[in-house]
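query.csv (CSV, C-alpha atoms)
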chain,number,residue,atom,x,y,z
A,142,MET,CA,121.1,-17.1,-10.5
A,143,ARG,CA,119.0,-15.2,-7.9
A,144,PHE,CA,117.2,-13.4,-10.7
A,145,THR,CA,116.3,-16.7,-12.4
A,146,ARG,CA,114.9,-18.0,-9.1
A,147,ASP,CA,112.8,-14.9,-8.5
A,148,ALA,CA,111.5,-15.0,-12.0
A,149,LEU,CA,110.5,-18.7,-11.5
A,150,LEU,CA,108.8,-17.8,-8.3
A,151,LEU,CA,106.8,-15.0,-9.9
A,152,LEU,CA,105.8,-17.3,-12.8
A,153,SER,CA,104.7,-20.0,-10.4
A,154,ILE,CA,102.6,-17.4,-8.4
A,155,GLY,CA,101.1,-16.2,-11.7
A,156,GLY,CA,100.2,-19.8,-12.7
A,157,ALA,CA,98.7,-20.6,-9.3
A,158,SER,CA,96.7,-17.4,-9.4
A,159,THR,CA,95.3,-18.2,-12.9
A,160,LEU,CA,94.4,-21.7,-11.8
A,161,SER,CA,92.7,-20.4,-8.6
A,162,ALA,CA,90.8,-17.9,-10.7
A,163,LEU,CA,89.5,-20.6,-13.0
A,164,ALA,CA,88.6,-22.9,-10.1
A,165,LEU,CA,86.7,-20.1,-8.3
A,166,ARG,CA,84.9,-19.0,-11.5
A,167,SER,CA,83.7,-22.5,-12.1
A,168,ALA,CA,82.6,-22.7,-8.4
A,169,PHE,CA,80.7,-19.3,-8.5
A,170,PRO,CA,79.7,-18.8,-12.1
A,171,SER,CA,78.5,-15.3,-12.9
A,172,LYS,CA,75.0,-14.8,-14.4
A,173,PRO,CA,75.0,-15.3,-18.2
A,174,GLU,CA,73.9,-12.4,-20.3
A,175,GLU,CA,70.3,-12.5,-21.6
A,176,PRO,CA,70.3,-12.7,-25.4
A,177,LEU,CA,67.4,-10.1,-25.7
A,178,VAL,CA,67.3,-7.1,-23.5
A,179,VAL,CA,65.4,-3.9,-23.1
A,180,VAL,CA,67.4,-0.8,-24.0
A,181,GLY,CA,66.8,1.7,-21.2
A,182,ASN,CA,64.1,1.3,-18.6
A,183,ALA,CA,61.8,-1.7,-18.9
A,184,SER,CA,59.0,0.2,-17.1
A,185,LYS,CA,57.3,3.4,-18.4
A,186,ASN,CA,55.0,5.6,-16.5
A,187,LEU,CA,52.3,7.2,-18.7
A,188,GLY,CA,51.2,9.5,-15.9
A,189,THR,CA,47.6,10.4,-15.3
A,190,LEU,CA,45.0,9.3,-17.9
A,191,LEU,CA,41.2,9.4,-18.2
A,192,GLN,CA,39.0,6.3,-18.6
A,193,ASP,CA,38.6,5.1,-22.2
A,194,GLU,CA,41.8,7.0,-23.2
A,195,ILE,CA,44.4,5.6,-25.5
A,196,ALA,CA,48.1,6.1,-24.7
A,197,GLN,CA,51.2,4.7,-26.4
A,198,ALA,CA,54.8,3.9,-25.6
A,199,ASP,CA,57.7,2.3,-27.4
A,200,PHE,CA,60.4,0.0,-26.1
A,201,VAL,CA,63.6,-0.9,-27.9
A,202,LEU,CA,64.7,-4.5,-27.6
A,203,ARG,CA,68.3,-5.4,-28.5
A,204,ASN,CA,69.6,-8.8,-29.5
A,205,GLN,CA,73.0,-8.8,-27.9
A,206,SER,CA,73.8,-12.4,-28.9
A,207,SER,CA,75.5,-13.7,-32.0
A,208,ARG,CA,72.4,-15.7,-33.0
A,209,ALA,CA,69.2,-14.6,-34.6
A,210,ILE,CA,66.2,-14.4,-32.3
A,211,LYS,CA,62.6,-15.0,-33.2
A,212,ILE,CA,59.8,-13.4,-31.0
A,213,THR,CA,57.2,-16.2,-30.6
A,214,GLU,CA,54.6,-15.0,-28.1
A,215,THR,CA,53.4,-12.3,-25.9
A,216,VAL,CA,51.5,-12.8,-22.6
A,217,ARG,CA,49.7,-9.8,-21.1
A,218,SER,CA,48.4,-9.2,-17.6
A,219,CYS,CA,45.6,-7.1,-19.0
A,220,GLY,CA,43.6,-7.1,-22.2
A,221,CYS,CA,44.0,-3.3,-22.1
A,222,THR,CA,47.4,-3.4,-23.8
A,223,GLU,CA,48.1,-4.4,-27.4
A,224,PRO,CA,51.7,-4.9,-28.5
A,225,THR,CA,53.0,-4.7,-32.1
A,226,PHE,CA,56.6,-5.2,-33.3
A,227,THR,CA,58.5,-3.7,-36.2
A,228,SER,CA,59.8,-7.2,-36.8
A,229,LEU,CA,59.4,-10.6,-35.2
A,230,GLU,CA,62.9,-11.6,-36.3
A,231,VAL,CA,65.9,-9.9,-34.6
A,232,PRO,CA,69.3,-10.4,-36.2
A,233,PRO,CA,72.4,-10.5,-34.0
A,234,GLU,CA,73.4,-7.1,-32.6
A,235,GLN,CA,70.2,-5.5,-34.0
A,236,ASP,CA,67.2,-3.8,-32.4
A,237,VAL,CA,63.5,-4.2,-32.7
A,238,VAL,CA,60.8,-1.8,-31.4
A,239,VAL,CA,57.8,-2.9,-29.4
A,240,HIS,CA,54.9,-0.5,-29.7
A,241,LEU,CA,52.5,-0.8,-26.8
A,242,THR,CA,49.0,0.7,-27.1
A,243,LEU,CA,47.2,1.1,-23.7
A,244,LYS,CA,43.4,1.5,-23.7
A,245,THR,CA,42.4,2.5,-20.2
A,246,GLY,CA,38.8,1.5,-20.9
A,247,ILE,CA,36.8,1.1,-17.6
A,248,ASN,CA,40.0,0.8,-15.5
A,249,ARG,CA,40.1,2.9,-12.4
A,250,GLY,CA,43.0,4.1,-10.2
A,251,HIS,CA,46.5,2.7,-10.4
A,252,LEU,CA,46.9,0.6,-13.5
A,253,VAL,CA,49.9,-1.7,-14.0
A,254,SER,CA,50.1,-3.6,-17.3
A,255,THR,CA,52.8,-6.2,-17.8
A,256,THR,CA,53.7,-7.7,-21.2
A,257,THR,CA,55.9,-10.7,-21.2
A,258,ILE,CA,57.7,-11.3,-24.5
A,259,ARG,CA,58.8,-14.8,-25.2
A,260,TYR,CA,61.5,-15.6,-27.8
A,261,ALA,CA,63.4,-18.5,-29.3
A,262,SER,CA,67.0,-18.7,-30.5
A,263,SER,CA,69.1,-21.6,-31.6
A,264,GLY,CA,71.4,-20.9,-28.6
A,265,LEU,CA,68.6,-21.5,-26.1
A,266,LYS,CA,67.3,-24.8,-24.9
A,267,ASP,CA,63.9,-23.4,-24.0
A,268,PHE,CA,62.4,-20.1,-24.8
A,269,GLY,CA,63.7,-16.9,-23.3
A,270,GLN,CA,61.5,-14.1,-22.0
A,271,LEU,CA,61.6,-10.6,-20.8
A,272,ARG,CA,59.0,-8.2,-19.3
A,273,ILE,CA,58.0,-4.7,-20.1
A,274,VAL,CA,55.6,-2.7,-17.9
A,275,LEU,CA,53.3,0.3,-18.4
A,276,VAL,CA,52.1,2.2,-15.4
A,277,ALA,CA,49.3,4.8,-15.3
A,278,ASP,CA,46.9,6.4,-12.9
A,279,VAL,CA,43.4,6.4,-14.4
A,280,LEU,CA,41.0,9.2,-13.2
A,281,PRO,CA,37.5,7.7,-13.3
A,282,ASP,CA,34.5,9.6,-14.5
A,283,TYR,CA,32.9,9.1,-11.2
A,284,ASP,CA,33.8,7.7,-7.8
A,285,VAL,CA,32.1,4.7,-6.2
A,286,THR,CA,32.0,4.2,-2.5
A,287,PRO,CA,32.3,1.5,-1.4
A,288,PRO,CA,33.5,-0.1,-4.7
A,289,ALA,CA,32.2,-3.6,-3.7
A,290,LEU,CA,29.5,-5.1,-1.4
A,291,THR,CA,29.2,-8.2,0.7
A,292,PHE,CA,25.9,-9.6,1.7
A,293,GLY,CA,25.5,-12.6,4.1
A,294,PRO,CA,24.1,-13.8,7.4
A,295,ASP,CA,26.3,-11.4,9.3
A,296,SER,CA,25.9,-8.3,7.2
A,297,PRO,CA,23.0,-5.9,6.8
A,298,THR,CA,20.5,-6.8,4.1
A,299,THR,CA,20.2,-3.2,3.0
A,300,GLN,CA,23.3,-1.4,1.9
A,301,MET,CA,24.1,1.8,0.0
A,302,VAL,CA,26.6,2.8,-2.7
A,303,LEU,CA,27.4,6.4,-3.4
A,304,PHE,CA,28.2,7.7,-6.9
A,305,LYS,CA,30.0,11.0,-6.9
A,306,PRO,CA,31.1,12.9,-10.0
A,307,GLN,CA,34.9,13.0,-10.6
A,308,MET,CA,35.9,13.9,-14.1
A,309,LEU,CA,32.3,13.9,-15.3
A,310,THR,CA,30.8,16.8,-13.5
A,311,ASP,CA,27.2,16.4,-14.7
A,312,LEU,CA,26.8,12.8,-13.5
A,313,HIS,CA,23.4,11.2,-13.8
A,314,VAL,CA,22.7,7.7,-12.5
A,315,LEU,CA,20.0,6.4,-14.8
A,316,GLU,CA,19.2,2.9,-14.0
A,317,ALA,CA,20.1,-0.1,-11.8
A,318,ILE,CA,19.9,-3.6,-13.4
A,319,THR,CA,19.9,-6.8,-11.3
A,320,SER,CA,20.2,-10.3,-12.7
A,321,ASN,CA,18.2,-11.9,-9.8
A,322,SER,CA,15.1,-10.9,-8.0
A,323,CYS,CA,17.0,-11.5,-4.7
A,324,LEU,CA,18.4,-8.0,-5.2
A,325,GLU,CA,16.3,-4.8,-5.3
A,326,CYS,CA,17.7,-1.4,-6.1
A,327,GLN,CA,16.5,2.1,-5.5
A,328,ILE,CA,18.2,5.2,-6.8
A,329,SER,CA,18.0,8.6,-5.0
A,330,ALA,CA,19.8,11.8,-5.9
A,331,LYS,CA,21.2,14.4,-3.5
A,332,ALA,CA,21.0,17.9,-4.7
A,333,GLU,CA,24.5,18.8,-3.4
A,334,ARG,CA,27.2,18.1,-5.9
A,335,LYS,CA,24.9,15.7,-7.8
A,336,THR,CA,25.7,12.8,-5.7
A,337,TYR,CA,23.6,9.7,-6.2
A,338,GLN,CA,22.8,7.0,-3.7
A,339,VAL,CA,21.9,3.5,-4.8
A,340,THR,CA,20.3,1.4,-2.1
A,341,ILE,CA,20.5,-2.3,-2.6
A,342,ARG,CA,18.3,-4.7,-0.6
A,343,TYR,CA,19.2,-8.3,-0.5
A,344,ARG,CA,16.4,-10.9,0.1
A,345,PRO,CA,18.2,-14.2,0.9
A,346,GLU,CA,15.0,-16.2,0.6
A,347,MET,CA,14.8,-15.3,-3.1
A,348,TYR,CA,18.3,-16.6,-3.8
A,349,LEU,CA,17.8,-20.2,-4.8
A,350,VAL,CA,20.4,-22.9,-4.6
A,351,ASP,CA,20.7,-23.4,-8.3
A,352,ASP,CA,20.8,-19.7,-9.2
A,353,ALA,CA,23.9,-18.2,-10.8
A,354,PRO,CA,25.8,-15.6,-8.8
A,355,PRO,CA,23.7,-12.4,-8.9
A,356,SER,CA,25.0,-9.2,-10.4
A,357,VAL,CA,24.1,-5.5,-10.3
A,358,PHE,CA,24.9,-3.0,-13.0
A,359,ILE,CA,24.5,0.7,-12.6
A,360,LYS,CA,23.9,2.7,-15.8
A,361,THR,CA,25.1,6.3,-15.9
A,362,ASN,CA,25.3,9.0,-18.5
A,363,SER,CA,29.1,8.6,-18.7
A,364,LYS,CA,30.4,7.8,-22.2
A,365,ARG,CA,33.7,6.6,-20.8
A,366,GLN,CA,32.1,4.2,-18.3
A,367,PRO,CA,28.4,3.9,-19.0
A,368,LYS,CA,28.0,0.8,-16.8
A,369,TYR,CA,29.4,0.1,-13.4
A,370,PRO,CA,29.1,-3.5,-12.3
A,371,ILE,CA,29.1,-3.5,-8.5
A,372,PRO,CA,31.3,-6.4,-7.4
A,373,LEU,CA,29.2,-8.6,-5.1
A,374,THR,CA,30.1,-11.3,-2.6
A,375,ILE,CA,27.0,-13.1,-1.4
A,376,ILE,CA,27.5,-15.6,1.4
A,377,ARG,CA,24.6,-18.1,1.8
A,378,ALA,CA,23.6,-19.0,5.3
A,379,GLY,CA,25.4,-22.2,6.4
A,380,ALA,CA,28.2,-21.7,3.8
A,381,ALA,CA,31.6,-22.8,5.0
A,382,LEU,CA,33.6,-20.0,6.5
B,221,MET,CA,112.1,-6.6,-12.5
B,222,ASN,CA,115.2,-5.3,-10.9
B,223,ASN,CA,113.2,-3.8,-8.1
B,224,VAL,CA,111.4,-7.1,-7.5
B,225,ALA,CA,114.6,-8.9,-7.5
B,226,SER,CA,116.1,-6.5,-5.0
B,227,LEU,CA,113.0,-6.8,-2.9
B,228,PHE,CA,113.3,-10.5,-2.8
B,229,SER,CA,117.0,-10.3,-2.1
B,230,LEU,CA,116.3,-8.0,0.8
B,231,ARG,CA,113.3,-9.5,2.4
B,232,PRO,CA,112.4,-12.6,0.4
B,233,ARG,CA,109.7,-14.1,2.6
B,234,ARG,CA,107.8,-10.8,3.3
B,235,ALA,CA,107.9,-9.9,-0.4
B,236,ALA,CA,106.6,-13.3,-1.4
B,237,VAL,CA,103.8,-13.0,1.1
B,238,ARG,CA,102.9,-9.6,-0.3
B,239,VAL,CA,102.9,-10.8,-3.9
B,240,ILE,CA,100.8,-13.8,-3.1
B,241,ALA,CA,98.3,-11.7,-1.1
B,242,LEU,CA,98.1,-9.2,-3.9
B,243,SER,CA,97.5,-12.0,-6.4
B,244,LEU,CA,94.8,-13.6,-4.4
B,245,ALA,CA,93.1,-10.3,-3.9
B,246,MET,CA,93.1,-9.7,-7.6
B,247,VAL,CA,91.8,-13.2,-8.3
B,248,LEU,CA,89.0,-12.8,-5.8
B,249,CYS,CA,88.0,-9.4,-7.2
B,250,GLY,CA,87.9,-10.8,-10.7
B,251,CYS,CA,85.6,-13.6,-9.5
B,252,LEU,CA,83.0,-11.4,-7.9
B,253,PRO,CA,79.6,-11.7,-9.6
B,254,GLN,CA,79.5,-9.3,-12.5
B,255,GLY,CA,75.8,-9.0,-13.0
B,256,THR,CA,74.0,-5.7,-12.5
B,257,ASP,CA,71.0,-7.1,-10.7
B,258,SER,CA,69.3,-5.0,-8.2
B,259,PRO,CA,70.6,-5.4,-4.6
B,260,ALA,CA,69.3,-8.3,-2.7
B,261,VAL,CA,66.0,-7.5,-1.0
B,262,GLN,CA,64.9,-9.2,2.2
B,263,PRO,CA,61.5,-10.8,1.6
B,264,ASN,CA,58.8,-9.0,3.4
B,265,PRO,CA,56.6,-11.3,5.5
B,266,GLY,CA,53.6,-9.2,4.3
B,267,ASP,CA,54.3,-10.4,0.7
B,268,GLN,CA,53.7,-14.0,1.6
B,269,PRO,CA,50.0,-14.9,1.2
B,270,LEU,CA,48.3,-16.0,4.3
B,271,LEU,CA,46.0,-18.4,2.5
B,272,THR,CA,46.7,-21.1,-0.2
B,273,THR,CA,44.7,-21.5,-3.4
B,274,THR,CA,44.0,-24.7,-5.2
B,275,PRO,CA,44.9,-24.7,-8.0
B,276,SER,CA,47.5,-21.9,-7.8
B,277,LEU,CA,47.2,-21.5,-11.5
B,278,LEU,CA,43.7,-21.3,-13.0
B,279,ASP,CA,43.8,-22.2,-16.6
B,280,PHE,CA,40.7,-21.2,-18.7
B,281,GLY,CA,42.4,-22.7,-21.8
B,282,GLN,CA,41.1,-21.4,-25.1
B,283,VAL,CA,38.1,-19.1,-25.0
B,284,ALA,CA,36.4,-17.3,-27.8
B,285,ARG,CA,36.8,-13.6,-28.3
B,286,ALA,CA,34.2,-11.4,-26.5
B,287,SER,CA,32.9,-14.4,-24.6
B,288,ARG,CA,32.3,-15.2,-20.9
B,289,ALA,CA,33.6,-18.1,-18.9
B,290,GLN,CA,33.8,-19.2,-15.3
B,291,ARG,CA,36.1,-21.4,-13.2
B,292,LYS,CA,36.0,-22.3,-9.5
B,293,PHE,CA,38.9,-22.6,-7.1
B,294,SER,CA,39.4,-23.2,-3.4
B,295,ILE,CA,41.1,-20.9,-0.8
B,296,SER,CA,42.2,-22.6,2.4
B,297,ASN,CA,43.7,-21.4,5.6
B,298,PRO,CA,46.7,-23.4,6.8
B,299,GLY,CA,47.4,-21.0,9.7
B,300,ASN,CA,45.9,-20.8,13.1
B,301,ALA,CA,44.0,-17.5,12.9
B,302,PRO,CA,41.0,-16.5,10.8
B,303,VAL,CA,41.7,-14.4,7.7
B,304,THR,CA,39.1,-12.0,6.3
B,305,ILE,CA,39.5,-11.0,2.7
B,306,ASP,CA,38.1,-7.5,2.3
B,307,ASN,CA,39.6,-6.4,-1.0
B,308,ILE,CA,40.4,-8.2,-4.2
B,309,GLU,CA,42.4,-6.7,-7.1
B,310,THR,CA,43.0,-8.2,-10.5
B,311,SER,CA,45.3,-7.0,-13.2
B,312,CYS,CA,42.5,-7.2,-15.8
B,313,GLU,CA,39.1,-5.6,-15.5
B,314,CYS,CA,37.8,-8.5,-17.5
B,315,LEU,CA,38.0,-10.8,-14.5
B,316,ASN,CA,35.9,-10.7,-11.4
B,317,ILE,CA,36.3,-12.9,-8.3
B,318,VAL,CA,33.3,-13.9,-6.1
B,319,LEU,CA,33.9,-15.6,-2.8
B,320,ALA,CA,31.4,-17.9,-1.1
B,321,GLY,CA,32.7,-16.6,2.2
B,322,SER,CA,35.0,-13.7,3.0
B,323,THR,CA,36.4,-15.0,6.2
B,324,VAL,CA,38.3,-18.3,6.2
B,325,ALA,CA,38.7,-20.0,9.6
B,326,PRO,CA,41.9,-21.9,10.5
B,327,GLY,CA,42.0,-25.3,8.8
B,328,GLN,CA,38.9,-24.4,6.7
B,329,ASN,CA,38.5,-23.3,3.1
B,330,THR,CA,36.1,-21.3,1.0
B,331,GLN,CA,35.1,-21.6,-2.6
B,332,ALA,CA,35.8,-18.8,-5.1
B,333,THR,CA,34.4,-18.3,-8.6
B,334,ALA,CA,36.5,-16.5,-11.2
B,335,SER,CA,34.3,-14.9,-13.9
B,336,LEU,CA,35.8,-13.8,-17.1
B,337,ASP,CA,33.9,-11.3,-19.2
B,338,LEU,CA,35.7,-10.3,-22.5
B,339,ASN,CA,32.9,-8.2,-23.7
B,340,GLN,CA,34.5,-5.0,-22.5
B,341,GLU,CA,37.6,-5.7,-24.7
B,342,ALA,CA,35.8,-7.4,-27.5
B,343,SER,CA,38.6,-7.1,-30.0
B,344,MET,CA,41.2,-8.5,-27.7
B,345,THR,CA,42.9,-11.8,-28.7
B,346,GLY,CA,46.0,-13.6,-27.5
B,347,ARG,CA,47.4,-14.8,-24.3
B,348,LEU,CA,46.6,-13.3,-20.9
B,349,ARG,CA,48.1,-14.1,-17.5
B,350,ILE,CA,45.9,-12.3,-15.0
B,351,GLU,CA,47.3,-11.7,-11.5
B,352,VAL,CA,44.8,-11.8,-8.7
B,353,LYS,CA,45.5,-10.7,-5.2
B,354,GLY,CA,43.2,-10.7,-2.2
B,355,HIS,CA,44.0,-8.4,0.6
B,356,GLU,CA,43.3,-8.5,4.3
B,357,ASN,CA,43.0,-5.2,6.3
B,358,GLY,CA,42.7,-3.0,3.2
B,359,ALA,CA,45.8,-3.4,1.1
B,360,SER,CA,48.3,-4.1,3.9
B,361,ARG,CA,48.5,-7.9,3.9
B,362,ILE,CA,48.1,-10.3,1.0
B,363,ALA,CA,45.5,-12.9,1.9
B,364,PHE,CA,45.8,-15.0,-1.2
B,365,SER,CA,47.1,-14.8,-4.8
B,366,VAL,CA,46.3,-16.8,-7.9
B,367,LEU,CA,47.3,-16.6,-11.5
B,368,VAL,CA,44.7,-17.0,-14.3
B,369,ASP,CA,45.8,-18.1,-17.8
B,370,VAL,CA,43.5,-17.4,-20.7
B,371,ASN,CA,44.1,-17.9,-24.4
B,372,VAL,CA,41.6,-15.8,-26.3
B,373,GLU,CA,41.1,-17.3,-29.7
B,374,GLU,CA,42.0,-15.5,-32.8
B,375,VAL,CA,39.0,-15.1,-35.1
B,376,ASP,CA,40.4,-13.0,-37.9
B,377,ASN,CA,43.8,-11.4,-38.5
B,378,HIS,CA,43.6,-7.7,-39.0
B,379,SER,CA,46.9,-5.9,-38.5
B,380,GLU,CA,48.3,-2.6,-39.6
B,381,PRO,CA,50.9,-2.6,-42.4
B,382,GLY,CA,54.3,-2.9,-40.9
B,383,ALA,CA,53.0,-3.9,-37.5
B,384,LYS,CA,53.6,-7.5,-36.5
B,385,SER,CA,52.2,-9.5,-33.7
B,386,PRO,CA,53.4,-13.0,-32.8
Spell out the structure here as structure tokens.
Amino acid sequence: MRFTRDALLLLSIGGASTLSALALRSAFPSKPEEPLVVVGNASKNLGTLLQDEIAQADFVLRNQSSRAIKITETVRSCGCTEPTFTSLEVPPEQDVVVHLTLKTGINRGHLVSTTTIRYASSGLKDFGQLRIVLVADVLPDYDVTPPALTFGPDSPTTQMVLFKPQMLTDLHVLEAITSNSCLECQISAKAERKTYQVTIRYRPEMYLVDDAPPSVFIKTNSKRQPKYPIPLTIIRAGAAL
Amino acid sequence: MNNVASLFSLRPRRAAVRVIALSLAMVLCGCLPQGTDSPAVQPNPGDQPLLTTTPSLLDFGQVARASRAQRKFSISNPGNAPVTIDNIETSCECLNIVLAGSTVAPGQNTQATASLDLNQEASMTGRLRIEVKGHENGASRIAFSVLVDVNVEEVDNHSEPGAKSP
């Protein structure tokens, strides 16, 4: 008699526990699994590279759902990365390999390239997406100091940019090309360590209202970065601050 | 079961409380989130841009391969201190940002021009989402951020055998 009562008590506790669990799970749902995932690390570090160098990396994507997945689109943060896939259709429980080719080009310093892969599946209302990342440190052929210039009413009209050899030891600065006569350039070389100094003079009276934003390109003998466009910010007198 | 029965017969209330507490603990453990997400990270105030951009997403739409294009956007300062932008980084070398003014006074705005030059990567086609961040005081504080969408038009379709692109 007592045994039956205890058994009933245990059964009722078990039932109550199950109901509580179901109620709590519906109140705090766990994150659903993504249909397509990266096997291993979604970020790869390619280490130190030179300018205009090509590096490659593979990522394995796995369809862990029970439905076929179709890769529909890739969106890149940089034109320097080109993705190709072994297949754009991924059957259930199968893998596909993404082959990323990174061309460092004229990039300098720390480079982070993100590729977002969008996919469709009959089990998804909208598209799904995942991101894979390539990281590299690009050693430039030559250093530029400062890397950008600002001209305006409160800044000097004559400023200098130094070009120092980095990976290219026999650096030569050949020519400076400006798109507007409001900017004048003069190149001078220092004997020590083949450092070049480019002096840029801004003449605000020559910068007309309808002119397009001026630009300056420095030509060098580097094959990996033959042209360095100096980023310029030109603030006209009276412009809103 | 005999042990449980004897437990109940000896101290029925205490035993029942133990069983209930144990059941609840098991239920709660089973209901904990099962994802393997990284631990929660407190947002760093330095990650929030000091300035707002209008629009926050700059859409160049479709542009031809190896072409150039420009779009303008506005950067405004909703705060009560001036902000000087002294460094701008973009995720693509193909995009350059020029500001009309590098210091934005409180309640004021400055115009910015985004210049896209695809000549450096003349073979590139497809979609780009370029991230732009302007920094104040070197790289320590984010002054503004804007996303730039570009769809570089496909002209021809050269692809290696076995390699597929969507």
Response to the item:
Shortest contact to chain B, candidates A:Ser296, A:Ser206, A:Thr213, A:Thr222, atoms counted all atoms listed in the file, goes to A:Thr213
Fill in: Distance query Cys326 (chain A) at most 7 Å, only C-alpha atoms, self and fewer than 3 positions along chain excluded, as a list of chain:residue names
A:Ala317, A:Val339, A:Thr340, A:Ile341, A:Arg342
Considering all atoms listed in the file, return as a PDB file with C-alpha atoms, keeping the file's coordinate frame whatever protein or nucleic-acid residues lie within 10 Å of region 306-314 of chain B, sequence-local ones (same chain, fewer than 4 positions apart) excluded.
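Final output, saved to result-v2.pdb:
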ATOM      1  CA  ARG A 217      49.700  -9.800 -21.100  1.00  0.00           C
ATOM      2  CA  SER A 218      48.400  -9.200 -17.600  1.00  0.00           C
ATOM      3  CA  CYS A 219      45.600  -7.100 -19.000  1.00  0.00           C
ATOM      4  CA  GLY A 220      43.600  -7.100 -22.200  1.00  0.00           C
ATOM      5  CA  CYS A 221      44.000  -3.300 -22.100  1.00  0.00           C
ATOM      6  CA  THR A 245      42.400   2.500 -20.200  1.00  0.00           C
ATOM      7  CA  GLY A 246      38.800   1.500 -20.900  1.00  0.00           C
ATOM      8  CA  ILE A 247      36.800   1.100 -17.600  1.00  0.00           C
ATOM      9  CA  ASN A 248      40.000   0.800 -15.500  1.00  0.00           C
ATOM     10  CA  ARG A 249      40.100   2.900 -12.400  1.00  0.00           C
ATOM     11  CA  LEU A 252      46.900   0.600 -13.500  1.00  0.00           C
ATOM     12  CA  VAL A 253      49.900  -1.700 -14.000  1.00  0.00           C
ATOM     13  CA  SER A 254      50.100  -3.600 -17.300  1.00  0.00           C
ATOM     14  CA  THR A 255      52.800  -6.200 -17.800  1.00  0.00           C
ATOM     15  CA  PRO A 288      33.500  -0.100  -4.700  1.00  0.00           C
ATOM     16  CA  ALA A 289      32.200  -3.600  -3.700  1.00  0.00           C
ATOM     17  CA  LEU A 290      29.500  -5.100  -1.400  1.00  0.00           C
ATOM     18  CA  THR A 291      29.200  -8.200   0.700  1.00  0.00           C
ATOM     19  CA  PRO A 372      31.300  -6.400  -7.400  1.00  0.00           C
TER      20      PRO A 372
ATOM     21  CA  ARG B 288      32.300 -15.200 -20.900  1.00  0.00           C
ATOM     22  CA  VAL B 318      33.300 -13.900  -6.100  1.00  0.00           C
ATOM     23  CA  LEU B 319      33.900 -15.600  -2.800  1.00  0.00           C
ATOM     24  CA  SER B 322      35.000 -13.700   3.000  1.00  0.00           C
ATOM     25  CA  THR B 323      36.400 -15.000   6.200  1.00  0.00           C
ATOM     26  CA  SER B 335      34.300 -14.900 -13.900  1.00  0.00           C
ATOM     27  CA  LEU B 336      35.800 -13.800 -17.100  1.00  0.00           C
ATOM     28  CA  ASP B 337      33.900 -11.300 -19.200  1.00  0.00           C
ATOM     29  CA  LEU B 338      35.700 -10.300 -22.500  1.00  0.00           C
ATOM     30  CA  ASN B 339      32.900  -8.200 -23.700  1.00  0.00           C
ATOM     31  CA  GLN B 340      34.500  -5.000 -22.500  1.00  0.00           C
ATOM     32  CA  GLU B 341      37.600  -5.700 -24.700  1.00  0.00           C
ATOM     33  CA  LEU B 348      46.600 -13.300 -20.900  1.00  0.00           C
ATOM     34  CA  ARG B 349      48.100 -14.100 -17.500  1.00  0.00           C
ATOM     35  CA  ILE B 350      45.900 -12.300 -15.000  1.00  0.00           C
ATOM     36  CA  GLU B 351      47.300 -11.700 -11.500  1.00  0.00           C
ATOM     37  CA  VAL B 352      44.800 -11.800  -8.700  1.00  0.00           C
ATOM     38  CA  LYS B 353      45.500 -10.700  -5.200  1.00  0.00           C
ATOM     39  CA  GLY B 354      43.200 -10.700  -2.200  1.00  0.00           C
ATOM     40  CA  HIS B 355      44.000  -8.400   0.600  1.00  0.00           C
ATOM     41  CA  GLU B 356      43.300  -8.500   4.300  1.00  0.00           C
ATOM     42  CA  ASN B 357      43.000  -5.200   6.300  1.00  0.00           C
ATOM     43  CA  GLY B 358      42.700  -3.000   3.200  1.00  0.00           C
ATOM     44  CA  ALA B 359      45.800  -3.400   1.100  1.00  0.00           C
ATOM     45  CA  ILE B 362      48.100 -10.300   1.000  1.00  0.00           C
ATOM     46  CA  ALA B 363      45.500 -12.900   1.900  1.00  0.00           C
ATOM     47  CA  PHE B 364      45.800 -15.000  -1.200  1.00  0.00           C
ATOM     48  CA  SER B 365      47.100 -14.800  -4.800  1.00  0.00           C
ATOM     49  CA  VAL B 366      46.300 -16.800  -7.900  1.00  0.00           C
ATOM     50  CA  LEU B 367      47.300 -16.600 -11.500  1.00  0.00           C
ATOM     51  CA  VAL B 368      44.700 -17.000 -14.300  1.00  0.00           C
TER      52      VAL B 368
END
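Using all atoms listed in the file, the smallest distance between any of B:Asp279, B:Asn371, B:Ala325, B:Ser360 and chain A comes from B:Ala325.
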Worksheet item: Using all atoms listed in the file, which residues sit within 12 Å of Gly321 (chain B) once same-chain residues fewer than 2 positions away are excluded, as JSON, numbers by chain?
Response: {"A": [291, 292, 293, 294, 295, 296, 373, 374, 375, 376, 377, 378, 379, 380, 381, 382], "B": [294, 295, 296, 302, 303, 304, 305, 306, 317, 318, 319, 323, 324, 325, 328, 329, 330, 331, 332, 333]}
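Taking CA of Leu190 (chain A) as the reference point, CA of Pro306 (chain A) is found at 16.4 Å.
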Discussion item. Just the number, please: distance in Å from CA of Leu312 (chain A) to CA of Thr336 (chain A), one decimal.
Written reply: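 According to the coordinates, CA of Leu312 (chain A) and CA of Thr336 (chain A) are separated by 7.9 Å.
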